[in-house]
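**Q** File follows, final_10.txt with compact mmCIF, C-alpha atoms:
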# COMPACT_ATOMS: atom_id res chain seq x y z
CA MET A 1331 -3.78 -107.20 -34.85
CA ASN A 1332 -2.37 -107.60 -38.30
CA LYS A 1333 -0.24 -110.12 -40.12
CA VAL A 1334 3.09 -108.85 -41.42
CA PHE A 1335 5.26 -109.79 -44.36
CA ASN A 1336 8.94 -109.42 -44.96
CA ILE A 1337 9.69 -108.01 -48.37
CA ASN A 1338 12.69 -106.98 -50.38
CA LEU A 1339 11.99 -103.72 -52.13
CA GLY A 1340 14.77 -102.30 -54.25
CA GLY A 1341 17.37 -104.28 -52.31
CA ILE A 1342 16.19 -103.11 -48.91
CA ALA A 1343 14.31 -105.33 -46.47
CA PHE A 1344 11.04 -104.13 -45.01
CA THR A 1345 8.49 -105.53 -42.64
CA ILE A 1346 5.08 -104.61 -43.89
CA ASP A 1347 1.47 -105.01 -42.72
CA SER A 1348 -0.61 -107.40 -44.81
CA ASP A 1349 -3.11 -104.77 -45.99
CA ALA A 1350 -0.24 -102.44 -46.80
CA TYR A 1351 1.45 -105.28 -48.64
CA GLU A 1352 -1.61 -105.90 -50.75
CA HIS A 1353 -1.95 -102.25 -51.64
CA LEU A 1354 1.72 -102.01 -52.53
CA SER A 1355 1.74 -105.11 -54.71
CA ASN A 1356 -1.36 -103.89 -56.53
CA TYR A 1357 0.40 -100.63 -57.23
CA LEU A 1358 3.59 -102.29 -58.42
CA GLU A 1359 1.53 -104.58 -60.59
CA THR A 1360 -0.03 -101.61 -62.37
CA ILE A 1361 3.40 -100.05 -62.78
CA HIS A 1362 4.79 -103.23 -64.28
CA HIS A 1363 1.78 -103.58 -66.50
CA HIS A 1364 2.09 -100.00 -67.70
CA PHE A 1365 5.72 -100.20 -68.67
CA ARG A 1366 5.71 -103.78 -69.87
CA ALA A 1367 5.82 -102.80 -73.52
CA SER A 1368 8.32 -100.00 -73.21
CA GLU A 1369 12.02 -99.98 -73.75
CA GLY A 1370 14.03 -100.24 -70.56
CA TYR A 1371 11.11 -101.87 -68.77
CA GLU A 1372 13.22 -103.60 -66.17
CA GLU A 1373 15.28 -100.54 -65.44
CA ILE A 1374 12.32 -98.25 -65.03
CA THR A 1375 10.51 -100.57 -62.68
CA ALA A 1376 13.65 -101.38 -60.70
CA ASP A 1377 14.39 -97.66 -60.36
CA ILE A 1378 10.87 -96.94 -59.21
CA GLU A 1379 11.03 -99.72 -56.66
CA ALA A 1380 14.39 -98.47 -55.41
CA ARG A 1381 13.03 -94.96 -55.09
CA MET A 1382 10.00 -96.20 -53.18
CA ALA A 1383 12.29 -98.10 -50.84
CA GLU A 1384 14.18 -94.89 -50.22
CA LEU A 1385 10.99 -92.99 -49.53
CA PHE A 1386 9.88 -95.68 -47.09
CA GLN A 1387 13.18 -95.44 -45.29
CA GLU A 1388 12.93 -91.67 -45.03
CA ARG A 1389 9.39 -91.89 -43.77
CA LEU A 1390 9.87 -94.73 -41.31
CA GLU A 1391 12.98 -93.42 -39.61
CA ASN A 1392 12.97 -95.75 -36.61
CA ARG A 1393 9.53 -97.27 -36.85
CA PRO A 1394 9.79 -100.97 -37.57
CA ILE A 1395 6.76 -101.64 -39.77
CA VAL A 1396 5.43 -100.18 -43.00
CA THR A 1397 1.71 -99.45 -42.63
CA LEU A 1398 -1.03 -98.90 -45.18
CA GLN A 1399 -0.77 -95.20 -44.49
CA ASP A 1400 2.91 -95.21 -45.42
CA VAL A 1401 2.17 -97.04 -48.64
CA LYS A 1402 -0.56 -94.59 -49.57
CA HIS A 1403 1.72 -91.68 -48.79
CA VAL A 1404 4.57 -93.00 -50.92
CA ILE A 1405 2.24 -93.88 -53.79
CA ALA A 1406 0.89 -90.33 -53.70
CA ILE A 1407 4.45 -89.07 -54.05
CA MET A 1408 5.36 -91.45 -56.87
CA GLY A 1409 2.07 -91.05 -58.68
CA THR A 1410 0.10 -93.53 -60.76
CA PRO A 1411 1.03 -94.38 -64.35
CA GLU A 1412 -1.75 -92.05 -65.50
CA ASP A 1413 0.07 -89.18 -63.80
CA PHE A 1414 3.36 -89.98 -65.52
CA GLY A 1415 2.26 -88.27 -68.68
CA ALA A 1416 -0.36 -88.66 -71.32
CA GLU A 1417 1.55 -90.96 -73.62
CA PRO A 1418 2.11 -94.47 -72.43
CA MET A 1419 5.66 -95.46 -73.23
CA GLY A 1420 5.66 -97.86 -76.12
CA ASP A 1421 2.42 -98.84 -77.72
CA GLU A 1422 -0.46 -100.17 -75.75
CA ALA A 1423 -2.45 -100.39 -78.92
CA PRO A 1424 -4.05 -103.83 -78.71
CA LYS A 1425 -6.43 -102.78 -76.00
CA SER A 1426 -10.03 -103.18 -76.96
CA SER A 1427 -9.43 -103.96 -80.61
CA SER A 1428 -10.03 -107.30 -82.23
CA ARG A 1429 -8.16 -109.65 -79.98
CA GLY A 1430 -11.03 -112.07 -79.83
CA LYS A 1431 -14.39 -112.36 -81.50
CA TRP A 1432 -16.05 -112.78 -78.17
CA LYS A 1433 -14.55 -109.78 -76.52
CA PHE A 1434 -17.02 -106.99 -76.00
CA LYS A 1435 -16.78 -103.61 -74.37
CA THR A 1436 -17.30 -105.09 -70.95
CA GLY A 1437 -13.93 -106.79 -71.11
CA LYS A 1438 -15.76 -110.05 -70.60
CA ARG A 1439 -15.15 -113.05 -72.76
CA LEU A 1440 -17.25 -116.07 -73.39
CA PHE A 1441 -15.76 -119.27 -72.09
CA ARG A 1442 -16.97 -122.69 -71.19
CA ASN A 1443 -17.07 -122.78 -67.44
CA THR A 1444 -15.46 -126.08 -66.53
CA GLU A 1445 -16.19 -125.57 -62.88
CA GLU A 1446 -19.92 -125.89 -63.22
CA VAL A 1447 -20.67 -128.48 -65.82
CA VAL A 1448 -23.64 -130.56 -66.77
CA ILE A 1449 -22.56 -131.38 -70.32
CA GLY A 1450 -19.85 -129.05 -71.55
CA GLY A 1451 -20.05 -125.98 -69.36
CA VAL A 1452 -21.54 -123.90 -72.17
CA CYS A 1453 -24.58 -122.74 -70.20
CA SER A 1454 -22.68 -121.82 -67.08
CA GLY A 1455 -20.15 -119.95 -69.23
CA ILE A 1456 -22.95 -117.98 -70.83
CA SER A 1457 -24.55 -117.21 -67.49
CA ALA A 1458 -21.20 -116.04 -66.12
CA TYR A 1459 -20.84 -113.79 -69.15
CA PHE A 1460 -24.24 -112.19 -68.72
CA GLY A 1461 -23.96 -112.09 -64.96
CA ILE A 1462 -26.89 -114.46 -64.43
CA GLU A 1463 -26.57 -115.88 -60.94
CA ASP A 1464 -27.87 -119.34 -61.63
CA PRO A 1465 -26.92 -121.18 -64.86
CA LEU A 1466 -30.17 -123.10 -64.44
CA TRP A 1467 -32.01 -120.36 -66.35
CA VAL A 1468 -29.73 -120.68 -69.36
CA ARG A 1469 -30.05 -124.44 -69.24
CA LEU A 1470 -33.82 -124.13 -69.11
CA PHE A 1471 -33.64 -121.83 -72.11
CA PHE A 1472 -31.67 -124.44 -74.05
CA VAL A 1473 -34.11 -127.15 -73.09
CA LEU A 1474 -36.96 -124.91 -74.18
CA ILE A 1475 -35.55 -124.15 -77.62
CA THR A 1476 -34.71 -127.82 -78.04
CA ILE A 1477 -38.28 -128.80 -77.39
CA SER A 1478 -39.92 -126.01 -79.36
CA GLY A 1479 -37.78 -125.81 -82.46
CA GLY A 1480 -35.04 -128.38 -82.22
CA VAL A 1481 -32.18 -125.92 -82.75
CA GLY A 1482 -31.04 -126.31 -79.15
CA ILE A 1483 -28.86 -129.36 -79.57
CA PRO A 1484 -26.97 -128.30 -82.72
CA LEU A 1485 -26.55 -124.82 -81.24
CA TYR A 1486 -25.15 -126.32 -78.07
CA ILE A 1487 -22.73 -128.51 -79.98
CA ILE A 1488 -21.51 -125.58 -82.05
CA LEU A 1489 -20.97 -123.47 -78.95
CA TRP A 1490 -19.22 -126.36 -77.26
CA ALA A 1491 -16.83 -126.64 -80.18
CA VAL A 1492 -16.27 -122.92 -80.62
CA LEU A 1493 -15.96 -121.62 -77.08
CA PRO A 1494 -12.61 -122.03 -75.36
CA LYS A 1495 -12.42 -123.66 -71.97
CA ALA A 1496 -11.79 -121.26 -69.09
CA GLU A 1497 -8.53 -122.88 -68.14
CA THR A 1498 -6.46 -120.35 -66.28
CA ALA A 1499 -7.37 -118.07 -63.42
CA SER A 1500 -7.24 -115.05 -65.70
CA ASP A 1501 -9.58 -116.79 -68.15
CA ARG A 1502 -12.04 -117.27 -65.34
CA LEU A 1503 -11.76 -113.61 -64.38
CA ALA A 1504 -12.30 -112.56 -67.98
CA MET A 1505 -15.34 -114.80 -68.07
CA ARG A 1506 -16.89 -112.83 -65.23
CA GLY A 1507 -15.57 -109.55 -66.54
CA GLU A 1508 -13.26 -108.92 -63.62
CA LYS A 1509 -9.85 -107.44 -64.09
CA ALA A 1510 -6.91 -109.77 -63.83
CA ASN A 1511 -4.98 -108.04 -61.09
CA VAL A 1512 -3.14 -109.54 -58.20
CA SER A 1513 -5.90 -109.56 -55.64
CA ASN A 1514 -8.45 -111.00 -58.06
CA ILE A 1515 -6.11 -113.76 -59.15
CA GLY A 1516 -5.45 -114.51 -55.51
CA LYS A 1517 -9.19 -114.70 -54.97
CA ILE A 1518 -9.64 -117.12 -57.86
CA ILE A 1519 -6.88 -119.36 -56.60
CA GLU A 1520 -8.44 -119.44 -53.16
CA GLU A 1521 -11.77 -120.31 -54.73
CA GLU A 1522 -10.14 -123.07 -56.71
CA VAL A 1523 -8.55 -124.55 -53.65
CA ALA A 1524 -11.89 -124.41 -51.86
CA HIS A 1525 -13.59 -125.91 -54.88
CA VAL A 1526 -11.17 -128.82 -55.12
CA SER A 1527 -11.32 -129.57 -51.42
CA LYS A 1528 -15.12 -129.44 -51.50
CA LYS A 1529 -15.17 -131.89 -54.37
CA MET A 1530 -12.69 -134.10 -52.60
CA SER A 1531 -14.79 -134.26 -49.46
CA GLU A 1532 -17.84 -134.97 -51.59
CA LEU A 1533 -15.91 -137.80 -53.17
CA GLY A 1534 -14.99 -139.04 -49.71
CA ASP A 1535 -18.64 -139.04 -48.65
CA GLU A 1536 -19.45 -140.76 -51.86
CA LEU A 1537 -17.05 -143.60 -51.22
CA LYS A 1538 -18.26 -143.94 -47.69
CA ALA A 1539 -21.82 -144.15 -48.89
CA GLU A 1540 -20.81 -146.65 -51.53
CA PHE A 1541 -18.80 -149.05 -49.42
CA GLY A 1542 -20.05 -148.27 -45.94
CA SER A 1543 -23.75 -148.40 -45.40
CA LYS A 1544 -25.41 -150.51 -48.02
CA LYS A 1545 -28.41 -150.97 -45.77
CA LYS A 1546 -30.27 -147.86 -46.77
CA ALA A 1547 -28.88 -148.07 -50.29
CA PRO A 1548 -29.37 -144.50 -51.53
CA ARG A 1549 -28.88 -145.83 -55.02
CA ARG A 1550 -30.36 -143.00 -57.03
CA ARG A 1551 -28.52 -140.32 -55.21
CA THR A 1552 -25.23 -142.05 -55.74
CA ILE A 1553 -25.69 -142.30 -59.45
CA LEU A 1554 -26.48 -138.63 -59.69
CA LYS A 1555 -23.46 -137.76 -57.69
CA GLU A 1556 -21.19 -139.90 -59.79
CA ASN A 1557 -22.10 -137.76 -62.72
CA ALA A 1558 -21.20 -134.67 -60.80
CA VAL A 1559 -17.84 -136.08 -59.85
CA LEU A 1560 -16.75 -137.26 -63.28
CA PRO A 1561 -15.88 -133.90 -64.86
CA MET A 1562 -14.03 -132.94 -61.75
CA ALA A 1563 -11.53 -135.76 -62.28
CA GLY A 1564 -10.39 -133.95 -65.39
CA PHE A 1565 -10.29 -130.73 -63.49
CA ILE A 1566 -7.92 -132.00 -60.84
CA SER A 1567 -5.39 -133.25 -63.34
CA GLU A 1568 -5.11 -129.72 -64.73
CA PRO A 1569 -2.85 -127.53 -62.65
CA PRO A 1570 -4.96 -124.87 -60.93
CA LEU A 1571 -2.19 -122.29 -61.20
CA PRO A 1572 -2.55 -119.92 -64.13
CA ARG A 1573 0.03 -119.87 -66.86
CA GLY A 1574 2.12 -116.75 -66.92
CA PHE A 1575 1.39 -115.95 -63.32
CA MET A 1576 4.65 -114.60 -62.04
CA PHE A 1577 4.86 -113.24 -58.57
CA MET B 735 5.55 -79.81 -74.99
CA ARG B 736 5.78 -79.88 -71.24
CA LYS B 737 7.59 -83.17 -71.43
CA GLY B 738 10.16 -81.67 -73.76
CA ILE B 739 10.76 -78.88 -71.29
CA LEU B 740 11.07 -81.41 -68.52
CA GLU B 741 13.68 -83.26 -70.56
CA LEU B 742 15.57 -80.03 -71.02
CA CYS B 743 15.53 -79.45 -67.27
CA ILE B 744 16.66 -82.98 -66.50
CA LEU B 745 19.51 -82.81 -68.98
CA SER B 746 20.69 -79.46 -67.69
CA ILE B 747 20.54 -80.60 -64.08
CA ILE B 748 22.59 -83.66 -64.94
CA SER B 749 25.08 -81.59 -66.89
CA ASP B 750 25.27 -79.21 -63.95
CA GLU B 751 25.95 -81.96 -61.40
CA GLN B 752 28.07 -84.00 -63.84
CA GLU B 753 27.03 -87.16 -62.06
CA ALA B 754 23.50 -87.10 -60.76
CA TYR B 755 21.59 -89.47 -58.53
CA PRO B 756 17.93 -89.64 -59.58
CA SER B 757 16.68 -88.71 -56.12
CA ASP B 758 18.79 -85.56 -56.25
CA ILE B 759 17.40 -84.75 -59.68
CA ILE B 760 13.93 -85.12 -58.19
CA LYS B 761 14.83 -82.78 -55.36
CA ARG B 762 15.93 -80.09 -57.77
CA LEU B 763 12.95 -80.56 -60.03
CA GLU B 764 10.64 -80.25 -57.07
CA GLU B 765 12.34 -77.09 -55.91
CA SER B 766 11.49 -75.52 -59.23
CA GLN B 767 8.02 -77.16 -59.24
CA MET B 768 8.76 -78.91 -62.48
CA ILE B 769 7.30 -82.28 -61.59
CA VAL B 770 4.15 -83.20 -59.78
CA VAL B 771 4.75 -86.89 -59.17
CA GLN B 772 8.16 -88.45 -58.83
CA GLY B 773 7.39 -91.46 -60.97
CA THR B 774 7.52 -89.23 -64.05
CA LEU B 775 11.29 -89.06 -63.91
CA TYR B 776 12.17 -92.72 -64.38
CA PRO B 777 10.59 -93.41 -67.76
CA LEU B 778 12.15 -90.17 -69.01
CA LEU B 779 15.59 -91.18 -67.80
CA ALA B 780 15.18 -94.56 -69.47
CA ARG B 781 14.18 -92.92 -72.71
CA LEU B 782 17.05 -90.45 -72.66
CA LYS B 783 19.40 -93.29 -71.94
CA SER B 784 18.12 -95.44 -74.77
CA ALA B 785 18.45 -92.42 -77.07
CA GLY B 786 22.15 -92.40 -76.17
CA LEU B 787 22.04 -89.04 -74.42
CA LEU B 788 22.64 -90.38 -70.94
CA ASP B 789 24.69 -93.07 -69.36
CA TYR B 790 24.96 -94.27 -65.81
CA THR B 791 27.42 -95.93 -63.50
CA TRP B 792 26.78 -97.88 -60.36
CA LYS B 793 28.32 -96.50 -57.20
CA GLU B 794 28.42 -97.90 -53.72
CA SER B 795 26.53 -95.84 -51.21
CA GLY B 796 27.32 -95.51 -47.54
CA ALA B 797 24.19 -97.35 -46.53
CA GLY B 798 21.90 -99.48 -48.60
CA PRO B 799 22.21 -100.88 -52.09
CA PRO B 800 24.46 -99.34 -54.78
CA ARG B 801 23.08 -96.33 -56.57
CA LYS B 802 22.85 -95.35 -60.19
CA TYR B 803 24.54 -92.11 -61.14
CA TYR B 804 23.59 -90.59 -64.45
CA SER B 805 25.87 -88.49 -66.61
CA LEU B 806 25.61 -86.92 -70.07
CA THR B 807 27.25 -88.55 -73.04
CA SER B 808 28.90 -86.35 -75.66
CA ASP B 809 25.74 -86.73 -77.74
CA GLY B 810 23.83 -85.62 -74.69
CA HIS B 811 25.91 -82.45 -74.37
CA GLU B 812 25.35 -81.65 -78.01
CA PHE B 813 21.65 -82.31 -77.73
CA LEU B 814 21.39 -80.13 -74.65
CA ASP B 815 23.12 -77.23 -76.44
CA GLY B 816 20.67 -77.61 -79.31
CA LEU B 817 17.69 -77.73 -76.96
CA MET B 818 18.94 -74.67 -75.10
CA ASP B 819 19.18 -72.69 -78.35
CA THR B 820 15.67 -73.70 -79.35
CA TRP B 821 14.41 -72.80 -75.91
CA ASN B 822 16.00 -69.35 -76.02
CA GLN B 823 14.55 -68.71 -79.42
CA LEU B 824 11.16 -69.79 -78.18
CA VAL B 825 11.33 -67.57 -75.12
CA ALA B 826 12.37 -64.62 -77.26
CA ALA B 827 9.57 -65.31 -79.71
CA VAL B 828 6.95 -65.58 -76.97
CA LYS B 829 8.22 -62.44 -75.27
CA HIS B 830 8.09 -60.61 -78.56
CA SER B 831 4.55 -61.73 -79.35
CA THR B 832 3.18 -60.93 -75.93
CA ARG B 833 5.06 -57.71 -75.31
CA SER B 834 1.99 -55.50 -75.67
CA LEU B 835 0.16 -57.64 -73.12
CA THR B 836 2.95 -57.47 -70.55
CA ALA B 837 3.36 -53.75 -71.18
CA ASN B 838 -0.34 -53.20 -70.50
CA LYS B 839 -0.14 -55.13 -67.28
CA LYS B 840 2.78 -53.09 -66.12
CA ALA B 841 0.93 -49.89 -66.92
CA LYS B 842 -1.93 -50.96 -64.74
Represent the supplied structure as structure tokens.

**A**
Amino acid sequence: MNKVFNINLGGIAFTIDSDAYEHLSNYLETIHHHFRASEGYEEITADIEARMAELFQERLENRPIVTLQDVKHVIAIMGTPEDFGAEPMGDEAPKSSSRGKWKFKTGKRLFRNTEEVVIGGVCSGISAYFGIEDPLWVRLFFVLITISGGVGIPLYIILWAVLPKAETASDRLAMRGEKANVSNIGKIIEEEVAHVSKKMSELGDELKAEFGSKKKAPRRRTILKENAVLPMAGFISEPPLPRGFMF
Amino acid sequence: MRKGILELCILSIISDEQEAYPSDIIKRLEESQMIVVQGTLYPLLARLKSAGLLDYTWKESGAGPPRKYYSLTSDGHEFLDGLMDTWNQLVAAVKHSTRSLTANKKAK
């Protein structure tokens, strides 16, 4: 069993399997990305979409639903942007060059991770950048250099001031070094929704604990949790949808 | 180089058909094994159009959305003539330079 979508491709309506849909929108995303800088961008992409619609029609004949196989077949016929010729139309120059001091070859960027904060999210941002599973290790490192030499606190404050907050979904992908394509952005948004609802239910438990049973009075726990909830209030007020996300 | 040749082929197909639908251009290019993937055509058409060599009109089709039909502008005709001359010169030059090679092959 498979979910289906109804799409309009090049002015023709198709019913398409969900996995096929995902594959197709990934492909179209790369096409759009490739031609974004070139002259006649809209025309090229519209023509390509129209041609793909035609190919789907030819291939489907009387079958009702576009499958993943059909999408793969049509993409093989159309080819990927790399196949279109060596030179990308227009200039794609600002690729790995100096767009940000913190951008390294990995395509990762340093951000403050506002999703996992103790103070400013600096440590969790750093651990995301280096792929360290648990930000605890980075935090421990900061504590250590604070105790041993005292540079920890000023260093932390400088990083806090300098590093940008990972605000949009694509920022958060760049923080982990993942590419900002459609499926990844979808993933991030799902995670955000899950994150917010988790925090909300935590808040609910919190209130229950606060106003409900005062018999056991888990005082210490509550205080700790309040701290965890505070930064999240700021998080909710920010819209979880990325800027410039157009689909 | 190959792209230039492809442009020449596209222009001459369009001039041949007078008004050409991209999918028909693709069909003819594939017959002569000029393109490997179909996506190659569209950026080229856009470039030729923005260079003022091509123009298109929308036409209703029997079924489905309206289609774009490309035709050569007068600049396009001129450009095609120029390209054709260059191409002929090139072919002659290559033939001339490799004549001993082809002659040897024939002898074998």

**Q** Using all atoms listed in the file and a distance of at most 6 Å, pull out the residues of chain A that contact chain B, as a list in words.

**A**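 Taking all atoms listed in the file into account, Gly1341, Gly1370, Ile1374, Ile1407, Met1408, Gly1409 and Phe1414 of chain A sit within 6 Å of chain B.
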
**Q** List the spatial neighbours of Trp1467 (chain A) as a list in words - criterion: any atom at most 12 Å away, all atoms listed in the file, same-chain residues fewer than 3 positions off excluded.

**A**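 Using all atoms listed in the file, the neighbours found are Cys1453, Ser1454, Ile1456, Ser1457, Ala1458, Phe1460, Gly1461, Ile1462, Glu1463, Asp1464, Leu1470, Phe1471, Phe1472, Val1473 and Leu1474 of chain A.
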
**Q** Pick out the residues sitting within 9 Å of region 821-836 of chain B, and hand them over as a PDB file with C-alpha atoms, in the coordinates of the input; count all atoms listed in the file, and ignore anything fewer than 4 positions along from it in its own chain.

**A**
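Result file is out-v2.pdb:
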ATOM      1  CA  ILE B 739      10.760 -78.880 -71.290  1.00  0.00           C
ATOM      2  CA  LEU B 742      15.570 -80.030 -71.020  1.00  0.00           C
ATOM      3  CA  GLY B 816      20.670 -77.610 -79.310  1.00  0.00           C
ATOM      4  CA  LEU B 817      17.690 -77.730 -76.960  1.00  0.00           C
ATOM      5  CA  LYS B 840       2.780 -53.090 -66.120  1.00  0.00           C
ATOM      6  CA  ALA B 841       0.930 -49.890 -66.920  1.00  0.00           C
TER       7      ALA B 841
END

**Q** One number please: CA of Tyr1351 (chain A) to CA of Glu1372 (chain A), in Å, one decimal.

**A**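 CA of Glu1372 (chain A) lies 21.2 Å from CA of Tyr1351 (chain A).
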
**Q** I need the residue nearest Ser746 (chain B) from this list: B:Ala797, B:Leu782, B:Leu763, B:Leu814. Use only C-alpha atoms for the distance.

**A**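 Between B:Ala797, B:Leu782, B:Leu763, B:Leu814, the residue approaching Ser746 (chain B) most closely is B:Leu814.
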
**Q** Figure out the distance between CA of Asp1413 (chain A) and CA of Ile1378 (chain A), please, to one decimal in Å.

**A**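 Here the two named atoms are 14.1 Å from each other.
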
**Q** List the neighbours of Asp1349 (chain A) out to 12 Å using all atoms listed in the file; skip same-chain residues closer than 6 positions along the sequence, and give me the result as number ranges by chain.

**A** A: 1331-1335, 1355-1356, 1396-1402, 1513
